[in-house]
Structure formats: C-alpha cells, structure tokens
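Read through the structure below, which is laid out as structure tokens, and then see the notes.
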Amino acid sequence: MYQTVEKFKSILKTIPVPYLPAESDVFKAFDLTPKDQLKVVWIGQDPYPNQKDATGLAFSVPIGEPVPASLLNIYLCLQEDLGIKPPHGNLDNWARQGVLLVNRSLTVRPKQPGSHEEYWVSFMPRLIQELNQGPSLVFVLMGKAAQSLRFLIDRKHLVIETVHPSPLSAWRGFKESKLFLKIRSAQQKLGQPLIDFSQFD
C-alpha cells in the first residue's frame, strides 16, 4: 500500500469537475503496480487532456485508440533500442511488471494541459519521500516537470533523465536517448529482474 496515495485520495473532492481521467482511474497506476513489486518509477507531466486517451497510466491509451505522438516517440526509441514493435498503446503489462507509470499531476481539465498543477504540487515530493524509505529503484524523469524532482530522490536510486517525448521537445535528443538500454543497464546494476518491454495485453 502506498501511504501517500491513501492520504491524497480525499483531494479529489476539492477538484472541480469535469476532470480527466475518470475518478475511478486517477490512482490506477498504483493499483496495477503494488509497492512491494515496484522496480521502475516512470514520471511524466500530466494526463492526456482528452477523455478517450486518459487512463490513469502515464503515456498509456486504451487498446483500439490511435497511439498519441508522445507514446509514438517512446515506441520509436523502444524499436531502436530493443527491436520491439508494440501492437497498440496500452501499457498495462509494463505496469504489472513493476513500472509505475505516473504523472507529476494526476488529473487535468479536459483540453487544458497543465491545468491541475496546483492540486498535485505536493503529491510527488511526498511519494518520493515514501519511496526513499524502501529498496533502491530506477527513476525515469521525462521532461522538466519530472526533472524538477531530481533533488528529492535518494542517492541509492538510479536516475535516468530525458527530455519529454512530446513532438514539441523530442527533437532535442529524446530519440537518441537510448532510454530502454539505460533502463535495462540500471536494472542490472540494482540486481532487479528485467522488465520485458515486449509484453502487451
């Protein structure tokens, strides 16, 4: 159980509706990746600002939906690094293997990216403080919002930083980041079972 999540569930009562993802999915990442199975903490910015894509998992979309541009850039990196061509945009199986796919902000107003930062400003710092009390993990910080948390992460963890995979920033080196090779190397250094990034529902 993530103590930080339990403490923040009541925050949803203070957030004006409508917001995304659906209330039942806001903490989905933590449901799919129990704390005792956690290996990689993958932090993005905020949820997709449209109802069909926002699932509660950072970068993931439902099966059958077109792969958004940010996830497409992640997939291009995955293919370059590991030769894997994903069949769709659903990342539930990565989460079930121990990848916490979480955004800096867990909700957003429809069609308004970055609109809920004020509600979640203290959530991720508290989560990191909680995780600092446990075993060593791999942190993946994607974009400036995630990278601003770097100073909170204990030195026992291994940290990988990249620009955000959005088309607005990916051109600044994301495609050449060797992200998945770096994750694999970090997991090996920590003696973790490797995430199988070829697993999809």
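Numbering starts fresh at 1 for the residues of each chain in the structure tokens, the chains themselves are lettered A, B, ... in the order given, and ligands are numbered from 1 as they appear.
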
Tell me, as a ChimeraX atom specification, which residues lie within 10 Å of Val5 in chain A, counting only C-alpha atoms; anything in the same chain fewer than 6 positions away does not count.
/A:27,30,123-124,126-127

Residues just named, written with N, CA and C atoms as a CSV table (one decimal), in the first residue's frame:
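To be explicit, this is the file written out as selection24.csv:
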```csv
chain,number,residue,atom,x,y,z
A,27,PHE,N,-5.9,6.9,-9.7
A,27,PHE,CA,-4.8,6.2,-9.0
A,27,PHE,C,-4.6,4.8,-9.6
A,30,PHE,N,-1.1,3.1,-9.4
A,30,PHE,CA,-0.7,2.5,-8.1
A,30,PHE,C,-1.5,1.2,-7.8
A,123,PHE,N,2.1,16.2,-4.0
A,123,PHE,CA,1.9,14.8,-4.1
A,123,PHE,C,3.2,14.0,-4.4
A,124,MET,N,3.9,14.4,-5.5
A,124,MET,CA,5.1,13.6,-5.9
A,124,MET,C,6.2,13.8,-4.9
A,126,ARG,N,6.0,14.0,-1.8
A,126,ARG,CA,5.7,13.1,-0.6
A,126,ARG,C,5.8,11.6,-1.0
A,127,LEU,N,5.5,11.3,-2.3
A,127,LEU,CA,5.6,10.0,-2.8
A,127,LEU,C,7.1,9.6,-2.8
```

At a cut-off of 12 Å, using only C-alpha atoms, what residues contact Pro62 in chain A? Leave out same-chain residues fewer than 5 positions from it and give the result as a list in words.
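Listed by chain and then number, they are Tyr48, Gln51, Lys52, Asp53, Ala54, Thr55, Gly56, Leu57, Val67, Pro68, Pro87, His88, Gly89, Asn90, Leu91, Asp92, Phe200 and Asp201 of chain A.
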
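Proximity ranking of A:Leu141, A:Leu168, A:Val99, A:Ala29 relative to Asp196 in chain A places A:Val99 first, based on only C-alpha atoms.
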
Apply DSSP to the backbone of this structure and, from range 17-154 of chain A, keep only the residues in strand (DSSP E); write these as a list in words.
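Taking range 17-154 of chain A and keeping strand (DSSP E) only, one gets Val40, Val41, Trp42, Ile43, Gly44, Val99, Leu100, Leu101, Val102, Asn103, Val138, Phe139, Val140, Leu141 and Met142 of chain A.
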
With distances taken over only C-alpha atoms, which of A:Leu137, A:Ala58, A:Ile63, A:Ala146 is nearest to Lys35 in chain A?
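The answer is A:Leu137, which sits nearest to Lys35 in chain A.
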
What does the structure give for the distance between CA of Lys189 in chain A and CA of Val163 in chain A, in Å to one decimal?
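So the answer is 23.3 Å.
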
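Across the model, the gap from CA of Thr107 in chain A to CA of Pro47 in chain A is 6.2 Å.
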
One-decimal distance in Å that lies between CA of Pro66 in chain A and CA of Ile15 in chain A
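Going from CA of Ile15 in chain A over to CA of Pro66 in chain A, I get 28.7 Å.
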
Could you write out, as a list of chain:residue names, all the residues of range 44-109 of chain A that DSSP marks as alpha helix (DSSP H)?
A:Ala69, A:Ser70, A:Leu71, A:Leu72, A:Asn73, A:Ile74, A:Tyr75, A:Leu76, A:Cys77, A:Leu78, A:Gln79, A:Glu80, A:Asp81, A:Leu82, A:Asp92, A:Asn93, A:Trp94, A:Ala95, A:Arg96

Can you list, as a PyMOL selection string, every protein, DNA or RNA residue that comes within 12 Å of Phe139 in chain A when you count only C-alpha atoms, leaving out same-chain residues fewer than 3 positions away?
chain A and resi 38-44+98-102+128+131-132+136+142+146-147+149-150+152-162+179+182-183+186-187
